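Visitor: Just so it is clear, I am handing over target.cif, which has mmCIF, C-alpha atoms.
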data_target
#
loop_
_atom_site.group_PDB
_atom_site.id
_atom_site.type_symbol
_atom_site.label_atom_id
_atom_site.label_comp_id
_atom_site.auth_asym_id
_atom_site.auth_seq_id
_atom_site.Cartn_x
_atom_site.Cartn_y
_atom_site.Cartn_z
ATOM 1 C CA VAL B 1 80.896 12.974 9.481
ATOM 2 C CA SER B 2 80.869 11.219 6.113
ATOM 3 C CA CYS B 3 81.480 7.516 6.467
ATOM 4 C CA SER B 4 80.842 4.025 5.189
ATOM 5 C CA THR B 5 78.896 1.338 7.030
ATOM 6 C CA GLY B 6 82.058 -0.131 8.489
ATOM 7 C CA ASP B 7 83.000 3.124 10.252
ATOM 8 C CA LEU B 8 80.057 3.102 12.679
ATOM 9 C CA PHE B 9 81.829 0.860 15.156
ATOM 10 C CA THR B 10 84.946 3.040 15.029
ATOM 11 C CA VAL B 11 82.971 6.246 15.640
ATOM 12 C CA TRP B 12 81.430 4.675 18.728
ATOM 13 C CA ALA B 13 84.844 3.637 20.035
ATOM 14 C CA THR B 14 86.192 7.132 19.319
ATOM 15 C CA ALA B 15 83.357 8.687 21.324
ATOM 16 C CA SER B 16 84.186 6.293 24.157
ATOM 17 C CA ARG B 17 87.800 7.468 24.201
ATOM 18 C CA GLU B 18 86.811 11.142 24.037
ATOM 19 C CA ARG B 19 84.527 10.612 27.023
ATOM 20 C CA LEU B 20 87.271 8.915 29.015
ATOM 21 C CA ARG B 21 89.528 11.872 28.269
ATOM 22 C CA GLY B 22 86.871 14.146 29.740
ATOM 23 C CA THR B 23 86.609 16.372 26.674
ATOM 24 C CA GLY B 24 82.808 16.253 26.517
ATOM 25 C CA ASN B 25 83.121 16.891 22.768
ATOM 26 C CA PHE B 26 80.889 14.050 21.557
ATOM 27 C CA TYR B 27 79.255 15.725 18.583
ATOM 28 C CA LYS B 28 82.543 16.534 16.876
ATOM 29 C CA ALA B 29 84.299 13.241 17.644
ATOM 30 C CA ARG B 30 86.198 12.050 14.587
ATOM 31 C CA MET B 31 86.762 8.547 13.275
ATOM 32 C CA LYS B 32 90.032 7.025 14.431
ATOM 33 C CA HIS B 33 91.385 3.532 14.895
ATOM 34 C CA VAL B 34 90.986 2.950 18.609
ATOM 35 C CA PRO B 35 90.668 -0.077 20.903
ATOM 36 C CA HIS B 36 87.222 -1.618 21.320
ATOM 37 C CA ALA B 37 85.297 -0.714 24.429
ATOM 38 C CA SER B 38 84.543 -3.275 27.120
ATOM 39 C CA SER B 39 82.326 -6.181 26.057
ATOM 40 C CA SER B 40 80.338 -5.620 29.263
ATOM 41 C CA GLU B 41 79.023 -2.314 27.883
ATOM 42 C CA LYS B 42 75.265 -2.332 27.336
ATOM 43 C CA ILE B 43 74.488 -1.429 23.728
ATOM 44 C CA LEU B 44 71.073 -0.667 22.240
ATOM 45 C CA VAL B 45 70.507 -0.406 18.485
ATOM 46 C CA THR B 46 67.337 0.937 16.842
ATOM 47 C CA GLY B 47 66.589 -0.174 13.300
ATOM 48 C CA GLY B 48 68.619 -3.301 13.897
ATOM 49 C CA ALA B 49 66.913 -5.311 11.161
ATOM 50 C CA GLY B 50 67.780 -2.742 8.479
ATOM 51 C CA PHE B 51 70.730 -3.033 6.105
ATOM 52 C CA ILE B 52 73.132 -0.920 8.161
ATOM 53 C CA GLY B 53 71.793 -2.306 11.425
ATOM 54 C CA GLN B 54 72.519 -5.888 10.436
ATOM 55 C CA HIS B 55 76.141 -5.114 9.616
ATOM 56 C CA LEU B 56 76.620 -3.081 12.782
ATOM 57 C CA LEU B 57 75.132 -5.820 14.956
ATOM 58 C CA ARG B 58 77.328 -8.445 13.356
ATOM 59 C CA ALA B 59 80.416 -6.291 14.002
ATOM 60 C CA LEU B 60 79.393 -5.811 17.628
ATOM 61 C CA VAL B 61 78.788 -9.536 18.128
ATOM 62 C CA GLU B 62 82.112 -10.435 16.523
ATOM 63 C CA ALA B 63 83.808 -8.002 18.908
ATOM 64 C CA GLY B 64 82.342 -9.881 21.862
ATOM 65 C CA HIS B 65 79.359 -7.674 22.674
ATOM 66 C CA HIS B 66 75.793 -8.720 23.433
ATOM 67 C CA PRO B 67 73.649 -5.941 21.917
ATOM 68 C CA THR B 68 69.922 -5.421 22.188
ATOM 69 C CA ALA B 69 68.188 -4.393 18.962
ATOM 70 C CA LEU B 70 64.832 -2.730 18.447
ATOM 71 C CA THR B 71 62.623 -3.477 15.462
ATOM 72 C CA ARG B 72 59.208 -2.161 14.504
ATOM 73 C CA GLY B 73 58.000 -5.566 13.327
ATOM 74 C CA ALA B 74 59.081 -9.181 13.709
ATOM 75 C CA GLY B 75 58.835 -9.854 9.964
ATOM 76 C CA LYS B 76 62.244 -8.394 9.113
ATOM 77 C CA VAL B 77 63.931 -10.235 11.962
ATOM 78 C CA GLU B 78 62.612 -13.579 10.728
ATOM 79 C CA LYS B 79 64.432 -12.976 7.432
ATOM 80 C CA LEU B 80 67.825 -12.512 9.090
ATOM 81 C CA SER B 81 70.430 -15.239 9.393
ATOM 82 C CA LEU B 82 69.908 -17.702 12.229
ATOM 83 C CA ASP B 83 73.149 -16.763 13.956
ATOM 84 C CA LEU B 84 72.296 -13.051 14.050
ATOM 85 C CA ARG B 85 68.823 -13.777 15.328
ATOM 86 C CA ALA B 86 70.265 -15.947 18.082
ATOM 87 C CA GLN B 87 73.199 -13.757 19.119
ATOM 88 C CA VAL B 88 71.221 -10.517 19.445
ATOM 89 C CA ARG B 89 68.418 -9.804 21.894
ATOM 90 C CA TRP B 90 65.510 -8.505 19.800
ATOM 91 C CA VAL B 91 62.744 -6.265 21.144
ATOM 92 C CA GLU B 92 59.698 -5.299 19.084
ATOM 93 C CA LEU B 93 58.897 -1.624 19.630
ATOM 94 C CA ASP B 94 57.321 1.209 17.659
ATOM 95 C CA LEU B 95 59.337 4.346 18.428
ATOM 96 C CA THR B 96 56.310 6.530 17.717
ATOM 97 C CA ASP B 97 54.831 5.072 20.919
ATOM 98 C CA GLY B 98 56.560 7.583 23.150
ATOM 99 C CA ALA B 99 55.463 6.060 26.447
ATOM 100 C CA ALA B 100 56.670 2.590 25.476
ATOM 101 C CA ALA B 101 59.990 3.930 24.181
ATOM 102 C CA ARG B 102 60.553 5.949 27.354
ATOM 103 C CA GLU B 103 59.752 2.918 29.515
ATOM 104 C CA LEU B 104 62.163 0.709 27.592
ATOM 105 C CA ILE B 105 65.041 3.202 27.687
ATOM 106 C CA SER B 106 64.530 3.710 31.414
ATOM 107 C CA ALA B 107 64.498 -0.029 32.022
ATOM 108 C CA GLU B 108 67.463 -0.855 29.774
ATOM 109 C CA ARG B 109 69.655 2.159 30.612
ATOM 110 C CA PRO B 110 72.197 1.329 27.901
ATOM 111 C CA ASP B 111 75.698 2.779 27.949
ATOM 112 C CA THR B 112 75.570 3.378 24.189
ATOM 113 C CA LEU B 113 72.646 3.951 21.833
ATOM 114 C CA PHE B 114 72.923 3.592 18.056
ATOM 115 C CA HIS B 115 69.864 5.260 16.521
ATOM 116 C CA LEU B 116 69.548 3.919 12.971
ATOM 117 C CA ALA B 117 65.756 3.641 12.668
ATOM 118 C CA GLY B 118 64.001 5.903 10.181
ATOM 119 C CA THR B 119 61.749 6.042 7.156
ATOM 120 C CA ARG B 120 61.758 7.530 3.664
ATOM 121 C CA GLY B 121 57.980 7.723 3.724
ATOM 122 C CA ALA B 122 55.537 6.243 1.236
ATOM 123 C CA GLY B 123 52.571 7.319 -0.855
ATOM 124 C CA ASN B 124 52.036 10.891 -2.056
ATOM 125 C CA ASP B 125 54.110 13.880 -0.928
ATOM 126 C CA VAL B 126 51.770 14.770 1.923
ATOM 127 C CA SER B 127 51.732 11.218 3.283
ATOM 128 C CA ALA B 128 55.488 10.827 2.932
ATOM 129 C CA SER B 129 56.150 14.153 4.667
ATOM 130 C CA ALA B 130 53.865 13.267 7.571
ATOM 131 C CA SER B 131 55.491 9.876 8.036
ATOM 132 C CA CYS B 132 59.017 11.298 7.860
ATOM 133 C CA ASP B 133 58.160 14.018 10.360
ATOM 134 C CA GLU B 134 56.577 11.574 12.796
ATOM 135 C CA ILE B 135 59.417 9.037 12.773
ATOM 136 C CA ASN B 136 62.555 10.874 11.674
ATOM 137 C CA VAL B 137 61.935 14.039 13.675
ATOM 138 C CA ARG B 138 59.468 13.729 16.535
ATOM 139 C CA ALA B 139 60.164 10.113 17.523
ATOM 140 C CA THR B 140 63.900 10.689 17.154
ATOM 141 C CA ILE B 141 64.030 13.766 19.365
ATOM 142 C CA ASP B 142 61.824 12.093 21.973
ATOM 143 C CA LEU B 143 64.223 9.141 21.942
ATOM 144 C CA LEU B 144 67.249 11.404 22.376
ATOM 145 C CA ARG B 145 65.658 13.224 25.299
ATOM 146 C CA ASN B 146 64.681 9.937 26.931
ATOM 147 C CA ALA B 147 68.195 8.581 26.437
ATOM 148 C CA LYS B 148 69.733 11.703 27.953
ATOM 149 C CA GLY B 149 67.337 11.454 30.896
ATOM 150 C CA ALA B 150 68.222 7.792 31.430
ATOM 151 C CA GLY B 151 71.919 8.599 31.579
ATOM 152 C CA VAL B 152 72.975 7.062 28.259
ATOM 153 C CA GLY B 153 76.659 7.951 27.850
ATOM 154 C CA ARG B 154 76.969 7.888 24.045
ATOM 155 C CA ILE B 155 74.381 8.360 21.305
ATOM 156 C CA ILE B 156 75.286 7.732 17.663
ATOM 157 C CA MET B 157 72.554 9.069 15.399
ATOM 158 C CA MET B 158 72.184 8.374 11.687
ATOM 159 C CA GLY B 159 71.823 11.419 9.457
ATOM 160 C CA SER B 160 71.861 11.345 5.648
ATOM 161 C CA ALA B 161 73.650 12.804 2.637
ATOM 162 C CA ASP B 162 70.141 13.805 1.486
ATOM 163 C CA GLU B 163 70.408 16.697 3.925
ATOM 164 C CA TYR B 164 72.686 18.444 1.394
ATOM 165 C CA GLY B 165 70.139 18.205 -1.400
ATOM 166 C CA ARG B 166 71.430 18.577 -4.959
ATOM 167 C CA GLN B 167 74.541 20.619 -4.185
ATOM 168 C CA SER B 168 77.577 19.725 -6.247
ATOM 169 C CA GLY B 169 80.580 18.243 -4.483
ATOM 170 C CA PRO B 170 82.935 17.945 -2.864
ATOM 171 C CA LEU B 171 80.813 18.489 0.250
ATOM 172 C CA ASN B 172 81.879 19.162 3.811
ATOM 173 C CA GLU B 173 80.211 19.463 7.200
ATOM 174 C CA SER B 174 80.281 23.264 7.228
ATOM 175 C CA GLN B 175 78.168 23.636 4.075
ATOM 176 C CA PRO B 176 74.551 24.779 4.484
ATOM 177 C CA LEU B 177 71.928 22.071 4.274
ATOM 178 C CA GLN B 178 69.570 22.352 1.289
ATOM 179 C CA PRO B 179 67.350 19.252 1.378
ATOM 180 C CA VAL B 180 64.691 18.856 -1.311
ATOM 181 C CA SER B 181 62.952 15.566 -0.463
ATOM 182 C CA ALA B 182 60.620 14.864 2.458
ATOM 183 C CA TYR B 183 63.203 12.453 3.792
ATOM 184 C CA GLY B 184 66.088 14.928 3.477
ATOM 185 C CA ILE B 185 64.062 17.730 5.067
ATOM 186 C CA SER B 186 63.135 15.538 8.033
ATOM 187 C CA LYS B 187 66.716 14.362 8.553
ATOM 188 C CA ALA B 188 68.022 17.942 8.396
ATOM 189 C CA GLU B 189 65.461 19.031 10.990
ATOM 190 C CA ALA B 190 66.388 16.112 13.241
ATOM 191 C CA THR B 191 70.042 17.118 12.928
ATOM 192 C CA ARG B 192 69.226 20.734 13.840
ATOM 193 C CA LEU B 193 67.266 19.714 16.921
ATOM 194 C CA ALA B 194 69.877 17.152 17.959
ATOM 195 C CA ARG B 195 72.590 19.800 17.752
ATOM 196 C CA GLU B 196 70.477 22.044 19.960
ATOM 197 C CA LEU B 197 70.285 19.260 22.538
ATOM 198 C CA TYR B 198 74.041 18.834 22.353
ATOM 199 C CA GLU B 199 74.754 22.552 22.683
ATOM 200 C CA THR B 200 72.161 23.435 25.340
ATOM 201 C CA GLU B 201 71.959 20.239 27.404
ATOM 202 C CA ASN B 202 75.293 18.541 26.654
ATOM 203 C CA CYS B 203 73.446 15.576 25.196
ATOM 204 C CA PRO B 204 76.237 13.154 24.128
ATOM 205 C CA ILE B 205 75.426 12.893 20.412
ATOM 206 C CA VAL B 206 77.547 11.967 17.407
ATOM 207 C CA ILE B 207 75.756 12.479 14.060
ATOM 208 C CA LEU B 208 76.794 10.616 10.911
ATOM 209 C CA ARG B 209 75.905 11.449 7.308
ATOM 210 C CA PRO B 210 76.716 8.379 5.188
ATOM 211 C CA PHE B 211 76.979 8.850 1.437
ATOM 212 C CA LYS B 212 77.551 5.340 0.127
ATOM 213 C CA ILE B 213 75.920 2.306 1.664
ATOM 214 C CA GLY B 214 76.875 -1.089 0.366
#
Let me see the structure of the file written as structure tokens.
Guide:
Amino acid sequence: VSCSTGDLFTVWATASRERLRGTGNFYKARMKHVPHASSSEKILVTGGAGFIGQHLLRALVEAGHHPTALTRGAGKVEKLSLDLRAQVRWVELDLTDGAAARELISAERPDTLFHLAGTRGAGNDVSASASCDEINVRATIDLLRNAKGAGVGRIIMMGSADEYGRQSGPLNESQPLQPVSAYGISKAEATRLARELYETENCPIVILRPFKIG
């Protein structure tokens, strides 16, 4: 699904309605204007201190929700506005620590998980590829499996337009992925594995591929 930052909340609400209808078709849920889900719903957001995460959290708070957000380090959180820091419950966690992530998901048992955390890597190609694989692929799939095991009802996972590589547009979801960067390759692999979880284990995943952020 190609979308802007502001559509994340709507995709989540759409998945909620699809689930209530009993369709089970989470992965292919489309963006529609639908009523907000109950403010009592437990919502967990990874990468909450990032650009998209901040806007999503603010939208959730304004809609009356009380989300919990994960961040890898406290430094980014300290730079956020005071109201966002106060209205969101922040938890410091490194998703590459599989045992800690599994323990937290099991303890929190959120109704909805927004997985926005990721990395573009740094340093030379080898270093960037290793970092992207560790966080964008392995940590992500471990998180999805843990969420499924904990009974999370909806998982919204952030993909990337980089998965399409340098193909000329207009692009659509049925086109083959041809990533060229370490980041794009890792996001495409995460998408492939997430789809396998959806198809083989009915893991309730919606995957987004945003093109323009800002």
Visitor: What's the separation between CA of Ala161 (chain B) and CA of Gly184 (chain B), in Å to one decimal place?
Guide: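 Going from CA of Ala161 (chain B) over to CA of Gly184 (chain B), I get 7.9 Å.
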Visitor: Mind giving me the straight-line distance from CA of Gly165 (chain B) to CA of Leu113 (chain B) in Å, one decimal?
Guide: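 Those two atoms sit 27.4 Å apart.
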Visitor: Just the residues within 7 Å of Tyr164 (chain B), please, counting all atoms listed in the file, with nothing from its chain fewer than 6 positions along; format it as a PDB file with C-alpha atoms, in the frame of the given file.
Guide:
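Written file, result-v4.pdb:
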ATOM      1  CA  LEU B 177      71.928  22.071   4.274  1.00  0.00           C
ATOM      2  CA  GLN B 178      69.570  22.352   1.289  1.00  0.00           C
ATOM      3  CA  PRO B 179      67.350  19.252   1.378  1.00  0.00           C
TER       4      PRO B 179
END
Visitor: What gap, in Å, lies between CA of Asp83 (chain B) and CA of Ala117 (chain B)?
Guide: 21.7 Å
Visitor: Around region 201-209 of chain B, fit a box with edges along x, y and z, padding it by 4 Å on each side, then list its centre and edge lengths in Å to one decimal as AutoDock Vina command-line options.
Guide:
--center_x 74.8 --center_y 15.4 --center_z 17.4 --size_x 13.6 --size_y 17.6 --size_z 28.1
Visitor: Which one is closest to Asp142 (chain B): B:Ile205, B:Leu44, B:Ala59, B:Ala99? Count only C-alpha atoms.
Guide: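 Among B:Ile205, B:Leu44, B:Ala59, B:Ala99, it is B:Ala99 that comes nearest to Asp142 (chain B).
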Visitor: From the list B:Val152, B:Val61, B:Ile43, B:Ala139, which residue is nearest Thr96 (chain B) when using all atoms listed in the file?
Guide: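 Checking each candidate against Thr96 (chain B), we get B:Ala139 as the closest.
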Visitor: Which of these, B:Arg89, B:Gly75, B:His66, B:Leu116, has the shortest distance to Phe51 (chain B) once you count only C-alpha atoms?
Guide: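 Looking only at the distances to Phe51 (chain B), the closest residue turns out to be B:Leu116.
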Visitor: With distances taken over all atoms listed in the file, which residue among B:Gly123, B:Gly118, B:Gly98, B:Pro110 lies nearest Ser40 (chain B)?
Guide: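 Looking only at the distances to Ser40 (chain B), the closest residue turns out to be B:Pro110.
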Visitor: Taking the file as I've supplied it (selection: the PyMOL selection byres ((chain B and resi 186-196) around 9)), which residues are included? Please answer as a ChimeraX atom specification.
Guide: /B:27,129,132-133,135-138,140-141,144,157-160,162-164,177-179,181-185,197-203,205,207
Visitor: Restricting the calculation to all atoms listed in the file, which member of B:Arg154, B:Arg166, B:Arg102, B:Lys76 is positioned closest to Ala49 (chain B)?
Guide: B:Lys76
Visitor: Which residue is closest to Asp94 (chain B)? Choose from B:Ile52, B:Leu82, B:Val77, B:Leu143 and count all atoms listed in the file.
Guide: B:Leu143
Visitor: Considering only C-alpha atoms, return as an mmCIF file with C-alpha atoms, in the coordinates of the input whatever protein or nucleic-acid residues lie within 8 Å of Arg58 (chain B), sequence-local ones (same chain, fewer than 4 positions apart) excluded.
Guide:
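After the write, out22.cif holds the following:
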data_model
loop_
_atom_site.group_PDB
_atom_site.id
_atom_site.type_symbol
_atom_site.label_atom_id
_atom_site.label_comp_id
_atom_site.auth_asym_id
_atom_site.auth_seq_id
_atom_site.Cartn_x
_atom_site.Cartn_y
_atom_site.Cartn_z
ATOM 1 C CA GLN B 54 72.519 -5.888 10.436
ATOM 2 C CA GLU B 62 82.112 -10.435 16.523
ATOM 3 C CA LEU B 84 72.296 -13.051 14.050
#
Visitor: Pick out the residues sitting within 12 Å of Arg109 (chain B), and hand them over as a list in words; count all atoms listed in the file, and ignore anything fewer than 2 positions along from it in its own chain.
Guide: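 My list of contacting residues is Glu41, Lys42, Ile43, Leu44, Thr68, Ala101, Arg102, Glu103, Leu104, Ile105, Ser106, Ala107, Asp111, Thr112, Leu113, Asn146, Ala147, Lys148, Gly149, Ala150, Gly151, Val152, Gly153 and Arg154 of chain B.
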